[in-house]
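The next block holds one structure in the form of C-alpha cells; read it before the comments.
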Amino acid sequence: MAGNLKTRLFFTLFASTLGAAISSATLPAYAQSAAVPTDFTAVVKQKAPAVVAILTKQMIDEEARQARDNLPLGELFRRRFGEPRVREPALGSGFIVSPEGHIVTNNHVVDNASEIHVRFTDKTDVAAKLVGRDPSTDIAVLKIEPRPNMAVAAWGDSDKMEPGAWTIAIGSPFGLGGTVTVGVLSARARDIRAGPYDDFLQTDASINQDNSGGPLFNAAGEVIGVNTAILSPLGVNVGIGFAVPSRTAQAVSDQIIRTGKVERGYLGVRLQELTTGIAQALGRSDMKGALVASVEPGSPAEKAGIKIGDIVTRADDQFITGPRDLSRAVARTKPGSRLG
C-alpha cells in the first residue's frame, strides 16, 4: 500500500511539473510575467549624486510679494517706500548632464535670478552661471566648474515610454534635498496650456514645490523628463505631475549648450483645429490634421505653395493630428532646412 501511495504521489508530482512546464512553454510572450524590481535602491544610489538643489536670489517687486504673502496694508506701505525691491532666496532642482558641468533645470527656477548656486548631495554649495534659457519650453541650462568624479545623468528616450511604466523623481521638494518618489507614467502628450509646445509626460510620482527642474527617471536610471508642474486645487501634490519629455528637453538643452540660445523653424501660418462641422464641409471622414487658417505674405509657407484651407496631415515623417503637432514639428526643424 505504501509503495502504491509513493508511486501515485510520484506520478502526480511528475504530471504537475510536466503540465506546468508545458503550460509555461506554450504561453504567448505577452502573458509572461515581466521582471518587477523589488526596489530602486541601485538606481537611486547611482543617479542621486547627479541631482542638485538650485538656490537663487531673485529680484521681486515688493507689491507682488505683498500680494503673495498677504501682508497688512501698513506693512506694505512701509516696505513700498522703504525698499521697493528685495532679493529673496528661492529653491528648485536640477541635474548634471555633462562632465564639463552643465546642469539642466526649469527656466522658471532661475528667471530673474541675480545669483545662482547649486547644492550637491554632500551639502557643498558652488556658484553657477546661466548659459541660456528657453521660456517656451521652460528649460534652462547652468554651468559650474567641473568637480573630480562628478556624477552625470544620461538622457533616455521619452518616446519609448508607455503609460504604466515606472517613473522615479529625485529632487529637493521644500528644500529637502535628495528626496526620492516613485510612481508610474500616467499619460503622454498632455497639453496643460503652459506654452506653445506643450507635450508633457504625466506621472503620479509625488512632485511638489521645489521639485521643479529635477529629473524624472525610468527604471533603467535614464532621464525621460524634467519635472515642471503639478495640477492641484490645493497647491500640493495630489498625484498629477507633469514633466517636459526628454525628447524636447535634450534637444533644447543641447542647443543652449552649443550656442547659448534656441533657434526654431518658422512656417508663417495660423492654424486651426478641425471641428466636426469643418471636417464634414470639407468631405473628410475624420478630424485629424491641422487646418491652415491664414498664410503670412512672403513666408516659407507661401513660398511652398501652402494656401488657406489646406490641411496638413504629415510633416517631418510624422503624422499630424492637430495644430500643436505641426507647431512642434516646425519648432524642431533647423531654420533654413527642409520640412518634408
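Chains: A, B, ... in order of the C-alpha cells. Residues: from 1 per chain. Ligands: from 1, in order shown.
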Can you write out as CSV which residues of stretch 201-258 of chain A fall within 10 Å of stretch 189-194 of chain A, alongside each residue's closest atom pair and its distance in Å to one decimal, counting only C-alpha atoms and ordering rows by chain and ascending residue number?
residue,atom,partner,partner_atom,distance
A:Leu201,CA,A:Ala189,CA,6.1
A:Gln202,CA,A:Arg190,CA,6.9
A:Ala229,CA,A:Ala194,CA,9.2
A:Ile230,CA,A:Ile192,CA,9.9
A:Leu231,CA,A:Ile192,CA,8.9
A:Phe242,CA,A:Arg190,CA,8.2
A:Ala243,CA,A:Arg190,CA,9.6
A:Val244,CA,A:Ala189,CA,9.7
A:Pro245,CA,A:Ala189,CA,8.8
For stretch 204-217 of chain A, work out the shell of residues within 8 Å, counting only C-alpha atoms and skipping chain neighbours fewer than 6 positions away, then give it as an mmCIF file with C-alpha atoms, in the first residue's frame.
data_model
loop_
_atom_site.group_PDB
_atom_site.id
_atom_site.type_symbol
_atom_site.label_atom_id
_atom_site.label_comp_id
_atom_site.auth_asym_id
_atom_site.auth_seq_id
_atom_site.Cartn_x
_atom_site.Cartn_y
_atom_site.Cartn_z
ATOM 1 C CA VAL A 51 20.861 65.695 -8.908
ATOM 2 C CA VAL A 52 21.392 69.094 -7.292
ATOM 3 C CA LEU A 91 14.786 76.771 -4.317
ATOM 4 C CA GLY A 92 14.482 74.357 -7.186
ATOM 5 C CA SER A 93 16.138 71.240 -8.549
ATOM 6 C CA GLY A 94 18.386 70.352 -11.450
ATOM 7 C CA PHE A 95 20.675 67.612 -12.778
ATOM 8 C CA VAL A 104 19.569 71.353 -16.735
ATOM 9 C CA THR A 105 16.722 72.912 -14.748
ATOM 10 C CA ASN A 106 13.490 74.839 -15.359
ATOM 11 C CA VAL A 109 13.525 78.339 -11.310
ATOM 12 C CA ILE A 139 14.133 74.765 -19.882
ATOM 13 C CA THR A 167 8.947 56.615 -13.074
ATOM 14 C CA ILE A 168 11.332 57.891 -10.395
ATOM 15 C CA ALA A 169 11.564 61.557 -9.398
ATOM 16 C CA ILE A 170 14.565 62.863 -7.463
ATOM 17 C CA GLY A 171 14.766 66.453 -6.273
ATOM 18 C CA SER A 172 14.589 68.917 -3.385
ATOM 19 C CA PRO A 173 10.914 69.446 -2.515
ATOM 20 C CA PHE A 174 10.556 72.145 0.170
ATOM 21 C CA GLY A 175 14.351 72.228 0.337
ATOM 22 C CA THR A 181 9.452 59.445 -5.070
ATOM 23 C CA VAL A 182 8.223 56.637 -7.290
ATOM 24 C CA GLY A 183 5.137 56.192 -9.450
ATOM 25 C CA VAL A 184 4.122 55.300 -12.970
ATOM 26 C CA LEU A 185 3.777 57.189 -16.200
ATOM 27 C CA SER A 186 0.115 58.187 -16.154
ATOM 28 C CA VAL A 223 16.247 60.805 -17.638
ATOM 29 C CA ILE A 224 12.993 60.722 -19.570
ATOM 30 C CA GLY A 225 11.634 64.061 -18.359
ATOM 31 C CA VAL A 226 12.225 67.316 -16.467
ATOM 32 C CA ASN A 227 9.711 67.769 -13.648
ATOM 33 C CA THR A 228 7.964 71.086 -14.211
ATOM 34 C CA ALA A 229 4.413 71.443 -12.903
ATOM 35 C CA ILE A 230 1.566 69.919 -10.910
ATOM 36 C CA VAL A 236 0.345 70.416 -3.107
ATOM 37 C CA ASN A 237 0.795 67.027 -4.732
ATOM 38 C CA VAL A 238 -2.376 65.074 -5.463
ATOM 39 C CA GLY A 239 -0.789 62.602 -7.855
ATOM 40 C CA ILE A 240 -0.901 64.657 -11.048
ATOM 41 C CA GLY A 241 2.540 65.916 -12.018
ATOM 42 C CA ALA A 243 7.446 66.699 -16.905
#
As a ChimeraX atom specification, please: every residue in stretch 90-187 of chain A that DSSP puts in helix (DSSP H, G or I). /A:107-110,158-160,173-175
I want to know what sits within 12 Å of stretch 273-284 of chain A, based on only C-alpha atoms, with residues of the same chain fewer than 5 positions away left out; could you give that as an MDAnalysis selection string? chainID A and resid 289:293 309:313 320:326
With C-alpha atoms retained, could you export that selection as an mmCIF file, in the first residue's frame?
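The resulting again12.cif:
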data_model
loop_
_atom_site.group_PDB
_atom_site.id
_atom_site.type_symbol
_atom_site.label_atom_id
_atom_site.label_comp_id
_atom_site.auth_asym_id
_atom_site.auth_seq_id
_atom_site.Cartn_x
_atom_site.Cartn_y
_atom_site.Cartn_z
ATOM 1 C CA GLY A 289 -4.702 67.270 -39.212
ATOM 2 C CA ALA A 290 -4.002 70.994 -38.872
ATOM 3 C CA LEU A 291 -6.220 73.393 -40.824
ATOM 4 C CA VAL A 292 -4.425 76.400 -42.320
ATOM 5 C CA ALA A 293 -6.468 79.482 -41.386
ATOM 6 C CA GLY A 309 -7.968 75.835 -46.271
ATOM 7 C CA ASP A 310 -5.172 73.313 -46.714
ATOM 8 C CA ILE A 311 -4.999 70.526 -44.136
ATOM 9 C CA VAL A 312 -1.555 69.345 -43.080
ATOM 10 C CA THR A 313 -1.606 65.683 -42.093
ATOM 11 C CA ILE A 320 -0.092 65.434 -37.683
ATOM 12 C CA THR A 321 -3.239 65.015 -35.597
ATOM 13 C CA GLY A 322 -3.703 68.687 -34.721
ATOM 14 C CA PRO A 323 -2.147 72.180 -34.811
ATOM 15 C CA ARG A 324 0.197 71.542 -31.867
ATOM 16 C CA ASP A 325 1.744 68.545 -33.614
ATOM 17 C CA LEU A 326 2.636 70.759 -36.566
#
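The gap separating atom CA of A:Lys129 from atom CA of A:Thr179 is 24.7 Å, in Å to one decimal.
Residue nearest A:Ile144 within the list A:Ile54, A:Tyr197, A:Glu162, A:Ala187: A:Ile54 [criterion: smallest interatomic distance, only C-alpha atoms].
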So that I can check the surroundings of A:Thr124, please list as a ChimeraX atom specification every protein, DNA and RNA residue that reaches within 12 Å of it, counting only C-alpha atoms and ignoring chain neighbours fewer than 3 positions away. /A:49,52-55,117-121,127,147,177
Using N, CA and C atoms, can you export the residues from the last selection as an mmCIF file, in the first residue's frame?
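File part-v4.cif, as written:
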data_model
loop_
_atom_site.group_PDB
_atom_site.id
_atom_site.type_symbol
_atom_site.label_atom_id
_atom_site.label_comp_id
_atom_site.auth_asym_id
_atom_site.auth_seq_id
_atom_site.Cartn_x
_atom_site.Cartn_y
_atom_site.Cartn_z
ATOM 1 N N PRO A 49 23.537 61.326 -6.940
ATOM 2 C CA PRO A 49 24.629 62.314 -6.892
ATOM 3 C C PRO A 49 24.640 63.286 -8.064
ATOM 4 N N VAL A 52 20.978 68.003 -8.172
ATOM 5 C CA VAL A 52 21.392 69.094 -7.292
ATOM 6 C C VAL A 52 20.187 69.958 -6.930
ATOM 7 N N ALA A 53 20.316 70.673 -5.827
ATOM 8 C CA ALA A 53 19.346 71.703 -5.463
ATOM 9 C C ALA A 53 19.807 73.021 -6.069
ATOM 10 N N ILE A 54 18.872 73.824 -6.546
ATOM 11 C CA ILE A 54 19.176 75.132 -7.118
ATOM 12 C C ILE A 54 18.766 76.206 -6.112
ATOM 13 N N LEU A 55 19.708 77.057 -5.730
ATOM 14 C CA LEU A 55 19.440 78.150 -4.809
ATOM 15 C C LEU A 55 19.678 79.455 -5.554
ATOM 16 N N HIS A 117 23.301 79.440 -7.120
ATOM 17 C CA HIS A 117 24.205 78.439 -6.557
ATOM 18 C C HIS A 117 23.543 77.071 -6.689
ATOM 19 N N VAL A 118 24.360 76.034 -6.729
ATOM 20 C CA VAL A 118 23.831 74.676 -6.705
ATOM 21 C C VAL A 118 24.402 73.960 -5.485
ATOM 22 N N ARG A 119 23.582 73.088 -4.930
ATOM 23 C CA ARG A 119 23.985 72.351 -3.732
ATOM 24 C C ARG A 119 24.011 70.861 -4.062
ATOM 25 N N PHE A 120 25.146 70.230 -3.818
ATOM 26 C CA PHE A 120 25.304 68.807 -4.076
ATOM 27 C C PHE A 120 24.790 67.981 -2.894
ATOM 28 N N THR A 121 24.745 66.678 -3.107
ATOM 29 C CA THR A 121 24.246 65.795 -2.050
ATOM 30 C C THR A 121 25.149 65.807 -0.818
ATOM 31 N N ALA A 127 28.985 78.190 -6.927
ATOM 32 C CA ALA A 127 28.356 79.192 -7.778
ATOM 33 C C ALA A 127 28.111 78.640 -9.172
ATOM 34 N N ARG A 147 33.841 69.190 -11.146
ATOM 35 C CA ARG A 147 34.434 68.622 -9.937
ATOM 36 C C ARG A 147 34.965 67.229 -10.266
ATOM 37 N N GLY A 177 16.676 68.107 0.165
ATOM 38 C CA GLY A 177 17.474 67.558 -0.915
ATOM 39 C C GLY A 177 17.522 66.045 -0.914
#
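Using only C-alpha atoms, the shortest contact distance between A:Glu222 and any of A:Arg332, A:Arg188, A:Lys160, A:Lys307 is found at A:Lys160.
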I'd like the contact shell of stretch 256-269 of chain A - 8 Å cut-off, only C-alpha atoms, skipping same-chain residues fewer than 5 positions apart - returned as a PyMOL selection string. chain A and resi 102+131-134+141+292-296+299-302+330-336
May I have the selected residues written with C-alpha atoms, as a PDB file, in the first residue's frame?
ATOM      1  CA  HIS A 102      26.329  71.713 -17.465  1.00  0.00           C
ATOM      2  CA  VAL A 131      24.267  79.610 -20.023  1.00  0.00           C
ATOM      3  CA  GLY A 132      20.865  80.187 -21.604  1.00  0.00           C
ATOM      4  CA  ARG A 133      17.156  79.609 -21.188  1.00  0.00           C
ATOM      5  CA  ASP A 134      14.052  78.896 -23.226  1.00  0.00           C
ATOM      6  CA  VAL A 141      20.996  75.411 -18.617  1.00  0.00           C
ATOM      7  CA  VAL A 292      -4.425  76.400 -42.320  1.00  0.00           C
ATOM      8  CA  ALA A 293      -6.468  79.482 -41.386  1.00  0.00           C
ATOM      9  CA  SER A 294      -4.099  82.107 -42.814  1.00  0.00           C
ATOM     10  CA  VAL A 295      -0.734  82.391 -44.557  1.00  0.00           C
ATOM     11  CA  GLU A 296       1.666  85.282 -43.991  1.00  0.00           C
ATOM     12  CA  SER A 299       6.599  83.407 -45.502  1.00  0.00           C
ATOM     13  CA  PRO A 300       8.157  79.979 -46.123  1.00  0.00           C
ATOM     14  CA  ALA A 301       4.611  78.563 -46.199  1.00  0.00           C
ATOM     15  CA  GLU A 302       3.555  80.910 -49.025  1.00  0.00           C
ATOM     16  CA  VAL A 330       8.270  73.103 -37.198  1.00  0.00           C
ATOM     17  CA  ALA A 331       9.967  74.108 -33.935  1.00  0.00           C
ATOM     18  CA  ARG A 332      12.211  71.032 -34.092  1.00  0.00           C
ATOM     19  CA  THR A 333      13.313  71.909 -37.635  1.00  0.00           C
ATOM     20  CA  LYS A 334      16.520  73.882 -38.035  1.00  0.00           C
ATOM     21  CA  PRO A 335      15.974  77.251 -39.727  1.00  0.00           C
ATOM     22  CA  GLY A 336      16.818  77.040 -43.430  1.00  0.00           C
TER      23      GLY A 336
END
